[in-house]
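Participant: Please find my_file_14.tsv (TSV, N, CA and C atoms) on the next line:
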chain	number	residue	atom	x	y	z
A	1	MET	N	1.52	332.49	176.03
A	1	MET	CA	1.72	331.97	177.36
A	1	MET	C	2.58	330.71	177.28
A	2	THR	N	3.58	330.62	178.13
A	2	THR	CA	4.49	329.49	178.15
A	2	THR	C	3.97	328.43	179.11
A	3	ARG	N	4.03	327.18	178.69
A	3	ARG	CA	3.57	326.08	179.55
A	3	ARG	C	4.69	325.68	180.50
A	4	ALA	N	4.31	325.41	181.73
A	4	ALA	CA	5.28	324.96	182.73
A	4	ALA	C	5.65	323.51	182.47
A	5	THR	N	6.90	323.18	182.74
A	5	THR	CA	7.35	321.81	182.63
A	5	THR	C	7.05	321.09	183.93
A	6	VAL	N	6.42	319.94	183.85
A	6	VAL	CA	6.07	319.16	185.03
A	6	VAL	C	6.88	317.87	185.02
A	7	THR	N	7.52	317.61	186.15
A	7	THR	CA	8.30	316.40	186.29
A	7	THR	C	7.65	315.54	187.36
A	8	LYS	N	7.44	314.27	187.06
A	8	LYS	CA	6.84	313.36	188.03
A	8	LYS	C	7.83	313.10	189.15
A	9	GLY	N	7.35	313.17	190.39
A	9	GLY	CA	8.19	312.94	191.56
A	9	GLY	C	8.46	311.46	191.77
A	10	SER	N	9.47	311.20	192.57
A	10	SER	CA	9.86	309.81	192.86
A	10	SER	C	9.03	309.18	193.96
A	11	GLY	N	8.25	309.99	194.67
A	11	GLY	CA	7.52	309.51	195.84
A	11	GLY	C	8.24	309.86	197.13
A	12	ASN	N	9.45	310.38	197.01
A	12	ASN	CA	10.23	310.82	198.16
A	12	ASN	C	10.62	312.27	197.91
A	13	VAL	N	9.89	313.19	198.52
A	13	VAL	CA	10.11	314.61	198.26
A	13	VAL	C	11.53	315.05	198.60
A	14	PHE	N	12.13	314.44	199.61
A	14	PHE	CA	13.47	314.84	200.01
A	14	PHE	C	14.51	314.39	198.98
A	15	ARG	N	14.34	313.22	198.39
A	15	ARG	CA	15.24	312.79	197.30
A	15	ARG	C	15.05	313.70	196.09
A	16	ASP	N	13.79	314.05	195.81
A	16	ASP	CA	13.51	314.95	194.68
A	16	ASP	C	14.16	316.31	194.88
A	17	LEU	N	14.33	316.72	196.14
A	17	LEU	CA	14.98	318.00	196.43
A	17	LEU	C	16.50	317.90	196.43
A	18	GLY	N	17.03	316.70	196.21
A	18	GLY	CA	18.46	316.54	196.08
A	18	GLY	C	19.19	316.01	197.29
A	19	PHE	N	18.46	315.63	198.34
A	19	PHE	CA	19.11	315.06	199.52
A	19	PHE	C	19.57	313.63	199.23
A	20	SER	N	20.62	313.22	199.91
A	20	SER	CA	21.12	311.85	199.76
A	20	SER	C	20.07	310.87	200.27
A	21	GLU	N	20.24	309.61	199.92
A	21	GLU	CA	19.33	308.57	200.39
A	21	GLU	C	19.29	308.53	201.92
A	22	GLN	N	20.47	308.60	202.54
A	22	GLN	CA	20.56	308.54	204.01
A	22	GLN	C	19.88	309.75	204.65
A	23	LYS	N	20.17	310.95	204.14
A	23	LYS	CA	19.59	312.16	204.72
A	23	LYS	C	18.08	312.20	204.48
A	24	SER	N	17.64	311.76	203.30
A	24	SER	CA	16.20	311.78	203.02
A	24	SER	C	15.45	310.82	203.93
A	25	ALA	N	16.07	309.66	204.27
A	25	ALA	CA	15.43	308.73	205.20
A	25	ALA	C	15.25	309.37	206.56
A	26	GLU	N	16.29	310.06	207.02
A	26	GLU	CA	16.21	310.77	208.31
A	26	GLU	C	15.13	311.84	208.27
A	27	LEU	N	15.06	312.59	207.19
A	27	LEU	CA	14.08	313.67	207.09
A	27	LEU	C	12.65	313.14	207.01
A	28	ILE	N	12.46	311.99	206.37
A	28	ILE	CA	11.12	311.38	206.35
A	28	ILE	C	10.68	311.05	207.77
A	29	LEU	N	11.57	310.41	208.54
A	29	LEU	CA	11.23	310.07	209.92
A	29	LEU	C	10.97	311.33	210.75
A	30	LYS	N	11.87	312.29	210.65
A	30	LYS	CA	11.72	313.51	211.44
A	30	LYS	C	10.43	314.26	211.10
A	31	SER	N	10.11	314.33	209.81
A	31	SER	CA	8.90	315.07	209.44
A	31	SER	C	7.64	314.38	209.94
A	32	SER	N	7.62	313.05	209.92
A	32	SER	CA	6.46	312.32	210.43
A	32	SER	C	6.33	312.46	211.94
A	33	LEU	N	7.45	312.39	212.64
A	33	LEU	CA	7.43	312.58	214.09
A	33	LEU	C	7.01	314.00	214.44
A	34	LEU	N	7.52	314.95	213.68
A	34	LEU	CA	7.16	316.35	213.93
A	34	LEU	C	5.67	316.58	213.71
A	35	GLN	N	5.13	315.99	212.66
A	35	GLN	CA	3.70	316.13	212.40
A	35	GLN	C	2.88	315.55	213.56
A	36	ALA	N	3.27	314.38	214.05
A	36	ALA	CA	2.56	313.76	215.17
A	36	ALA	C	2.67	314.63	216.42
A	37	LEU	N	3.84	315.23	216.63
A	37	LEU	CA	4.05	316.10	217.79
A	37	LEU	C	3.17	317.35	217.68
A	38	GLN	N	3.12	317.94	216.50
A	38	GLN	CA	2.27	319.11	216.29
A	38	GLN	C	0.80	318.77	216.57
A	39	GLU	N	0.36	317.62	216.07
A	39	GLU	CA	-1.03	317.20	216.29
A	39	GLU	C	-1.31	316.97	217.77
A	40	ALA	N	-0.36	316.39	218.49
A	40	ALA	CA	-0.54	316.13	219.92
A	40	ALA	C	-0.65	317.44	220.69
A	41	ILE	N	0.20	318.40	220.37
A	41	ILE	CA	0.17	319.70	221.07
A	41	ILE	C	-1.13	320.43	220.75
A	42	ARG	N	-1.48	320.49	219.48
A	42	ARG	CA	-2.71	321.20	219.09
A	42	ARG	C	-3.95	320.48	219.61
A	43	GLY	N	-3.88	319.16	219.67
A	43	GLY	CA	-5.01	318.38	220.19
A	43	GLY	C	-5.30	318.66	221.66
A	44	GLN	N	-4.27	319.03	222.40
A	44	GLN	CA	-4.46	319.38	223.81
A	44	GLN	C	-5.02	320.79	223.96
A	45	GLY	N	-4.92	321.60	222.92
A	45	GLY	CA	-5.41	322.97	222.99
A	45	GLY	C	-4.52	323.88	223.83
A	46	TRP	N	-3.27	323.49	223.99
A	46	TRP	CA	-2.34	324.27	224.81
A	46	TRP	C	-1.83	325.50	224.10
A	47	LYS	N	-1.48	326.49	224.91
A	47	LYS	CA	-0.68	327.60	224.43
A	47	LYS	C	0.76	327.09	224.36
A	48	GLN	N	1.60	327.79	223.62
A	48	GLN	CA	2.99	327.34	223.46
A	48	GLN	C	3.72	327.23	224.79
A	49	ILE	N	3.45	328.12	225.71
A	49	ILE	CA	4.12	328.09	227.02
A	49	ILE	C	3.71	326.86	227.82
A	50	GLU	N	2.46	326.42	227.65
A	50	GLU	CA	1.99	325.21	228.33
A	50	GLU	C	2.64	323.97	227.74
A	51	ALA	N	2.76	323.93	226.42
A	51	ALA	CA	3.43	322.81	225.77
A	51	ALA	C	4.90	322.78	226.17
A	52	ALA	N	5.51	323.94	226.27
A	52	ALA	CA	6.92	324.02	226.66
A	52	ALA	C	7.13	323.43	228.05
A	53	ALA	N	6.21	323.71	228.96
A	53	ALA	CA	6.31	323.18	230.32
A	53	ALA	C	6.21	321.65	230.31
A	54	GLN	N	5.32	321.10	229.50
A	54	GLN	CA	5.17	319.65	229.41
A	54	GLN	C	6.41	318.99	228.81
A	55	LEU	N	7.04	319.68	227.86
A	55	LEU	CA	8.19	319.10	227.16
A	55	LEU	C	9.52	319.41	227.84
A	56	GLY	N	9.51	320.34	228.78
A	56	GLY	CA	10.74	320.71	229.47
A	56	GLY	C	11.68	321.54	228.60
A	57	ILE	N	11.10	322.32	227.69
A	57	ILE	CA	11.90	323.20	226.82
A	57	ILE	C	11.31	324.60	226.88
A	58	ASP	N	11.98	325.57	226.27
A	58	ASP	CA	11.44	326.93	226.30
A	58	ASP	C	10.42	327.14	225.18
A	59	GLN	N	9.63	328.19	225.33
A	59	GLN	CA	8.54	328.49	224.40
A	59	GLN	C	9.06	328.71	222.98
A	60	GLY	N	10.24	329.28	222.84
A	60	GLY	CA	10.80	329.53	221.52
A	60	GLY	C	11.02	328.24	220.72
A	61	LYS	N	11.42	327.19	221.42
A	61	LYS	CA	11.62	325.90	220.74
A	61	LYS	C	10.28	325.29	220.33
A	62	VAL	N	9.26	325.46	221.17
A	62	VAL	CA	7.92	324.99	220.80
A	62	VAL	C	7.44	325.74	219.56
A	63	SER	N	7.69	327.03	219.51
A	63	SER	CA	7.31	327.83	218.35
A	63	SER	C	7.97	327.29	217.09
A	64	LYS	N	9.25	326.93	217.17
A	64	LYS	CA	9.95	326.36	216.02
A	64	LYS	C	9.35	325.03	215.61
A	65	LEU	N	9.04	324.18	216.60
A	65	LEU	CA	8.43	322.88	216.29
A	65	LEU	C	7.08	323.06	215.60
A	66	LEU	N	6.25	323.96	216.11
A	66	LEU	CA	4.93	324.17	215.52
A	66	LEU	C	5.01	324.81	214.14
A	67	ALA	N	6.11	325.51	213.87
A	67	ALA	CA	6.31	326.11	212.55
A	67	ALA	C	6.94	325.13	211.57
A	68	GLY	N	7.24	323.90	212.04
A	68	GLY	CA	7.78	322.88	211.15
A	68	GLY	C	9.29	322.91	210.99
A	69	GLN	N	9.97	323.61	211.86
A	69	GLN	CA	11.42	323.69	211.77
A	69	GLN	C	12.05	322.50	212.49
A	70	MET	N	12.66	321.59	211.71
A	70	MET	CA	13.22	320.36	212.27
A	70	MET	C	14.67	320.51	212.70
A	71	ALA	N	15.35	321.53	212.20
A	71	ALA	CA	16.78	321.70	212.51
A	71	ALA	C	16.95	321.85	214.02
A	72	GLY	N	17.92	321.14	214.56
A	72	GLY	CA	18.20	321.22	215.98
A	72	GLY	C	17.45	320.19	216.82
A	73	PHE	N	16.61	319.38	216.17
A	73	PHE	CA	15.85	318.35	216.87
A	73	PHE	C	16.16	317.00	216.25
A	74	SER	N	16.75	316.10	217.02
A	74	SER	CA	17.07	314.76	216.52
A	74	SER	C	15.82	313.89	216.52
A	75	VAL	N	15.90	312.78	215.82
A	75	VAL	CA	14.82	311.79	215.84
A	75	VAL	C	14.56	311.35	217.27
A	76	GLU	N	15.64	311.08	218.01
A	76	GLU	CA	15.51	310.63	219.41
A	76	GLU	C	14.80	311.67	220.27
A	77	ARG	N	15.12	312.92	220.06
A	77	ARG	CA	14.50	313.98	220.86
A	77	ARG	C	13.01	314.11	220.53
A	78	LEU	N	12.65	314.01	219.27
A	78	LEU	CA	11.24	314.09	218.89
A	78	LEU	C	10.46	312.91	219.46
A	79	VAL	N	11.06	311.71	219.45
A	79	VAL	CA	10.42	310.54	220.05
A	79	VAL	C	10.22	310.77	221.54
A	80	HIS	N	11.22	311.32	222.20
A	80	HIS	CA	11.12	311.62	223.63
A	80	HIS	C	9.98	312.60	223.91
A	81	PHE	N	9.89	313.65	223.11
A	81	PHE	CA	8.80	314.62	223.28
A	81	PHE	C	7.44	313.95	223.12
A	82	LEU	N	7.30	313.09	222.13
A	82	LEU	CA	6.03	312.39	221.93
A	82	LEU	C	5.69	311.52	223.14
A	83	SER	N	6.68	310.85	223.70
A	83	SER	CA	6.41	310.01	224.87
A	83	SER	C	5.99	310.86	226.07
A	84	LEU	N	6.57	312.05	226.20
A	84	LEU	CA	6.16	312.95	227.28
A	84	LEU	C	4.71	313.41	227.12
A	85	LEU	N	4.22	313.40	225.89
A	85	LEU	CA	2.84	313.81	225.63
A	85	LEU	C	1.88	312.62	225.59
A	86	GLY	N	2.34	311.47	226.06
A	86	GLY	CA	1.46	310.31	226.15
A	86	GLY	C	1.25	309.58	224.85
A	87	GLN	N	2.16	309.74	223.91
A	87	GLN	CA	2.04	309.08	222.60
A	87	GLN	C	2.98	307.88	222.55
A	88	ASP	N	2.51	306.78	222.00
A	88	ASP	CA	3.34	305.61	221.74
A	88	ASP	C	3.99	305.77	220.37
A	89	VAL	N	5.24	305.41	220.27
A	89	VAL	CA	5.97	305.45	219.00
A	89	VAL	C	6.48	304.04	218.73
A	90	GLU	N	6.17	303.49	217.57
A	90	GLU	CA	6.61	302.14	217.20
A	90	GLU	C	7.54	302.22	216.01
A	91	VAL	N	8.57	301.38	216.04
A	91	VAL	CA	9.48	301.25	214.91
A	91	VAL	C	9.47	299.78	214.51
A	92	THR	N	9.25	299.51	213.23
A	92	THR	CA	9.22	298.15	212.73
A	92	THR	C	10.36	297.99	211.74
A	93	VAL	N	11.14	296.93	211.92
A	93	VAL	CA	12.24	296.62	211.00
A	93	VAL	C	11.96	295.26	210.40
A	94	ARG	N	12.04	295.17	209.08
A	94	ARG	CA	11.85	293.89	208.41
A	94	ARG	C	12.75	293.84	207.17
A	95	ARG	N	13.01	292.65	206.73
A	95	ARG	CA	13.88	292.43	205.57
A	95	ARG	C	13.21	293.00	204.31
A	96	ALA	N	14.03	293.64	203.47
A	96	ALA	CA	13.52	294.15	202.19
A	96	ALA	C	13.14	292.98	201.29
A	97	PRO	N	12.13	293.14	200.46
A	97	PRO	CA	11.73	292.05	199.57
A	97	PRO	C	12.84	291.68	198.59
A	98	ARG	N	12.80	290.47	198.12
A	98	ARG	CA	13.78	290.03	197.11
A	98	ARG	C	13.70	290.94	195.90
A	99	GLY	N	14.83	291.14	195.30
A	99	GLY	CA	14.86	291.98	194.11
A	99	GLY	C	15.16	293.44	194.44
A	100	ARG	N	15.12	293.78	195.71
A	100	ARG	CA	15.46	295.14	196.10
A	100	ARG	C	16.72	295.08	196.95
A	101	ARG	N	17.74	295.78	196.54
A	101	ARG	CA	19.02	295.72	197.22
A	101	ARG	C	18.98	296.40	198.58
A	102	TYR	N	18.32	297.54	198.64
A	102	TYR	CA	18.28	298.32	199.87
A	102	TYR	C	16.85	298.41	200.40
A	103	GLY	N	16.75	298.61	201.69
A	103	GLY	CA	15.44	298.82	202.31
A	103	GLY	C	14.97	300.24	202.09
A	104	THR	N	13.74	300.49	202.44
A	104	THR	CA	13.18	301.83	202.35
A	104	THR	C	12.77	302.29	203.73
A	105	VAL	N	12.57	303.58	203.87
A	105	VAL	CA	12.11	304.16	205.13
A	105	VAL	C	10.74	304.76	204.87
A	106	ARG	N	9.79	304.34	205.67
A	106	ARG	CA	8.43	304.88	205.60
A	106	ARG	C	8.00	305.22	207.01
A	107	ALA	N	7.19	306.21	207.12
A	107	ALA	CA	6.65	306.57	208.43
A	107	ALA	C	5.15	306.78	208.28
A	108	ARG	N	4.42	306.37	209.29
A	108	ARG	CA	2.97	306.50	209.27
A	108	ARG	C	2.52	306.92	210.65
A	109	THR	N	1.66	307.90	210.71
A	109	THR	CA	1.10	308.30	211.99
A	109	THR	C	-0.37	307.91	212.01
A	110	THR	N	-0.84	307.53	213.18
A	110	THR	CA	-2.25	307.16	213.32
A	110	THR	C	-2.94	308.07	214.32
A	111	ASN	N	-2.35	309.23	214.56
A	111	ASN	CA	-2.94	310.17	215.51
A	111	ASN	C	-4.26	310.71	215.00
A	112	THR	N	-5.16	310.87	215.91
A	112	THR	CA	-6.39	311.62	215.65
A	112	THR	C	-6.52	312.59	216.81
A	113	ALA	N	-7.35	313.57	216.65
A	113	ALA	CA	-7.54	314.54	217.72
A	113	ALA	C	-7.99	313.85	219.01
A	114	GLU	N	-8.79	312.78	218.89
A	114	GLU	CA	-9.25	312.08	220.08
A	114	GLU	C	-8.11	311.41	220.82
A	115	ASN	N	-7.15	310.84	220.09
A	115	ASN	CA	-6.00	310.19	220.73
A	115	ASN	C	-5.14	311.19	221.49
A	116	CYS	N	-5.15	312.43	221.05
A	116	CYS	CA	-4.28	313.44	221.66
A	116	CYS	C	-4.92	314.12	222.86
A	117	ARG	N	-6.20	313.94	223.09
A	117	ARG	CA	-6.88	314.65	224.16
A	117	ARG	C	-6.97	313.87	225.46
A	118	ARG	N	-6.06	312.98	225.71
A	118	ARG	CA	-6.09	312.26	226.97
A	118	ARG	C	-5.20	312.98	227.98
A	119	PRO	N	-5.43	312.76	229.27
A	119	PRO	CA	-4.65	313.46	230.28
A	119	PRO	C	-3.17	313.10	230.19
A	120	ILE	N	-2.36	314.06	230.49
A	120	ILE	CA	-0.91	313.86	230.50
A	120	ILE	C	-0.48	313.61	231.94
A	121	LEU	N	0.17	312.49	232.17
A	121	LEU	CA	0.70	312.18	233.48
A	121	LEU	C	2.20	312.39	233.42
A	122	ARG	N	2.73	313.23	234.26
A	122	ARG	CA	4.15	313.54	234.18
A	122	ARG	C	4.81	313.32	235.52
A	123	ASN	N	4.88	312.09	235.96
A	123	ASN	CA	5.54	311.74	237.21
A	123	ASN	C	6.90	311.12	236.95
A	124	VAL	N	7.42	311.32	235.76
A	124	VAL	CA	8.70	310.73	235.38
A	124	VAL	C	9.81	311.68	235.82
A	125	THR	N	10.77	311.17	236.54
A	125	THR	CA	11.92	312.01	236.91
A	125	THR	C	12.96	311.88	235.83
A	126	GLN	N	13.45	313.01	235.37
A	126	GLN	CA	14.45	313.00	234.32
A	126	GLN	C	15.80	313.29	234.91
A	127	LYS	N	16.80	312.58	234.41
A	127	LYS	CA	18.16	312.77	234.91
A	127	LYS	C	19.03	313.32	233.83
Translate this file's structure into structure tokens.

Facilitator:
Amino acid sequence: MTRATVTKGSGNVFRDLGFSEQKSAELILKSSLLQALQEAIRGQGWKQIEAAAQLGIDQGKVSKLLAGQMAGFSVERLVHFLSLLGQDVEVTVRRAPRGRRYGTVRARTTNTAENCRRPILRNVTQK
């Protein structure tokens, strides 16, 4: 039996997969926002068609979001969807510590099922 070779990851799965630093930063943000969006939709207990109505998109796009497909959805669009579902999104920018030339991108979600089960108020007119 042959032993598999194991390589320790860098802590950034997208860099380990060969994406550039810039693209991996975008993918980290998008994946965290997508996870929060999935949790918000599932926390409401909606069918895909109900989520689509809340987000103003068709059911097929909701299906792609719930399946984890990020292509075709910008960071801005995912943030907008989260706001439509009553979720707050915060972005914090701070100077990188001394000794590090470039900053890093990290994303953290604090969603729980309880946070996602609040009523959705949709009196916002979109232009």

Participant: Please compute the CA of Arg101 in chain A-CA of Lys23 in chain A distance, one decimal, in Å.

Facilitator: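 Computed distance, CA of Arg101 in chain A to CA of Lys23 in chain A, equals 18.1 Å.
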
Participant: Find the residue from A:Met1, A:Gly86, A:Leu17, A:Leu66 that sits nearest to Gln38 in chain A; use only N, CA and C atoms when measuring.

Facilitator: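 Distance minimum relative to Gln38 in chain A lands on A:Leu66.
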
Participant: I want to know what sits within 7 Å of range 32-37 of chain A, based on all atoms listed in the file, with residues of the same chain fewer than 2 positions away left out; could you give that as a PDB file with N, CA and C atoms, in the frame of the given file?

Facilitator:
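Output (result.pdb):
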ATOM      1  N   LEU A  27      15.060 312.590 207.190  1.00  0.00           N
ATOM      2  CA  LEU A  27      14.080 313.670 207.090  1.00  0.00           C
ATOM      3  C   LEU A  27      12.650 313.140 207.010  1.00  0.00           C
ATOM      4  N   ILE A  28      12.460 311.990 206.370  1.00  0.00           N
ATOM      5  CA  ILE A  28      11.120 311.380 206.350  1.00  0.00           C
ATOM      6  C   ILE A  28      10.680 311.050 207.770  1.00  0.00           C
ATOM      7  N   LEU A  29      11.570 310.410 208.540  1.00  0.00           N
ATOM      8  CA  LEU A  29      11.230 310.070 209.920  1.00  0.00           C
ATOM      9  C   LEU A  29      10.970 311.330 210.750  1.00  0.00           C
ATOM     10  N   LYS A  30      11.870 312.290 210.650  1.00  0.00           N
ATOM     11  CA  LYS A  30      11.720 313.510 211.440  1.00  0.00           C
ATOM     12  C   LYS A  30      10.430 314.260 211.100  1.00  0.00           C
ATOM     13  N   GLU A  39       0.360 317.620 216.070  1.00  0.00           N
ATOM     14  CA  GLU A  39      -1.030 317.200 216.290  1.00  0.00           C
ATOM     15  C   GLU A  39      -1.310 316.970 217.770  1.00  0.00           C
ATOM     16  N   ALA A  40      -0.360 316.390 218.490  1.00  0.00           N
ATOM     17  CA  ALA A  40      -0.540 316.130 219.920  1.00  0.00           C
ATOM     18  C   ALA A  40      -0.650 317.440 220.690  1.00  0.00           C
ATOM     19  N   ILE A  41       0.200 318.400 220.370  1.00  0.00           N
ATOM     20  CA  ILE A  41       0.170 319.700 221.070  1.00  0.00           C
ATOM     21  C   ILE A  41      -1.130 320.430 220.750  1.00  0.00           C
ATOM     22  N   ARG A  42      -1.480 320.490 219.480  1.00  0.00           N
ATOM     23  CA  ARG A  42      -2.710 321.200 219.090  1.00  0.00           C
ATOM     24  C   ARG A  42      -3.950 320.480 219.610  1.00  0.00           C
ATOM     25  N   LEU A  65       9.040 324.180 216.600  1.00  0.00           N
ATOM     26  CA  LEU A  65       8.430 322.880 216.290  1.00  0.00           C
ATOM     27  C   LEU A  65       7.080 323.060 215.600  1.00  0.00           C
ATOM     28  N   LEU A  78      12.650 314.010 219.270  1.00  0.00           N
ATOM     29  CA  LEU A  78      11.240 314.090 218.890  1.00  0.00           C
ATOM     30  C   LEU A  78      10.460 312.910 219.460  1.00  0.00           C
ATOM     31  N   VAL A  79      11.060 311.710 219.450  1.00  0.00           N
ATOM     32  CA  VAL A  79      10.420 310.540 220.050  1.00  0.00           C
ATOM     33  C   VAL A  79      10.220 310.770 221.540  1.00  0.00           C
ATOM     34  N   PHE A  81       9.890 313.650 223.110  1.00  0.00           N
ATOM     35  CA  PHE A  81       8.800 314.620 223.280  1.00  0.00           C
ATOM     36  C   PHE A  81       7.440 313.950 223.120  1.00  0.00           C
ATOM     37  N   LEU A  82       7.300 313.090 222.130  1.00  0.00           N
ATOM     38  CA  LEU A  82       6.030 312.390 221.930  1.00  0.00           C
ATOM     39  C   LEU A  82       5.690 311.520 223.140  1.00  0.00           C
ATOM     40  N   ALA A 107       7.190 306.210 207.120  1.00  0.00           N
ATOM     41  CA  ALA A 107       6.650 306.570 208.430  1.00  0.00           C
ATOM     42  C   ALA A 107       5.150 306.780 208.280  1.00  0.00           C
ATOM     43  N   ARG A 108       4.420 306.370 209.290  1.00  0.00           N
ATOM     44  CA  ARG A 108       2.970 306.500 209.270  1.00  0.00           C
ATOM     45  C   ARG A 108       2.520 306.920 210.650  1.00  0.00           C
ATOM     46  N   THR A 109       1.660 307.900 210.710  1.00  0.00           N
ATOM     47  CA  THR A 109       1.100 308.300 211.990  1.00  0.00           C
ATOM     48  C   THR A 109      -0.370 307.910 212.010  1.00  0.00           C
ATOM     49  N   ASN A 111      -2.350 309.230 214.560  1.00  0.00           N
ATOM     50  CA  ASN A 111      -2.940 310.170 215.510  1.00  0.00           C
ATOM     51  C   ASN A 111      -4.260 310.710 215.000  1.00  0.00           C
TER      52      ASN A 111
END

Participant: So how far away is atom C of Ser74 in chain A from CA of Glu21 in chain A, in Å?

Facilitator: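 CA of Glu21 in chain A sits 17.3 Å away from atom C of Ser74 in chain A.
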
Participant: In Å to one decimal, how far is CA of Leu85 in chain A from CA of Gly43 in chain A?

Facilitator: 10.6 Å

Participant: Considering only alpha helix (DSSP H) as DSSP defines it on the backbone, what residues of range 39-124 of chain A qualify? List them as an NGL selection string.

Facilitator: :A and (39-44 or 48-55 or 59-66 or 75-84 or 113-116)

Participant: For Thr104 in chain A, which of A:Gly45, A:Ala71, A:Lys61, A:Ala25 is the closest residue, counting all atoms listed in the file?

Facilitator: A:Ala25

Participant: Here is a test: counting only C-alpha atoms, which residue of A:Val75, A:Asp16, A:Ser63, A:Gln87 is nearest to Ala51 in chain A?

Facilitator: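 Of A:Val75, A:Asp16, A:Ser63, A:Gln87, the one nearest Ala51 in chain A is A:Ser63, counting only C-alpha atoms.
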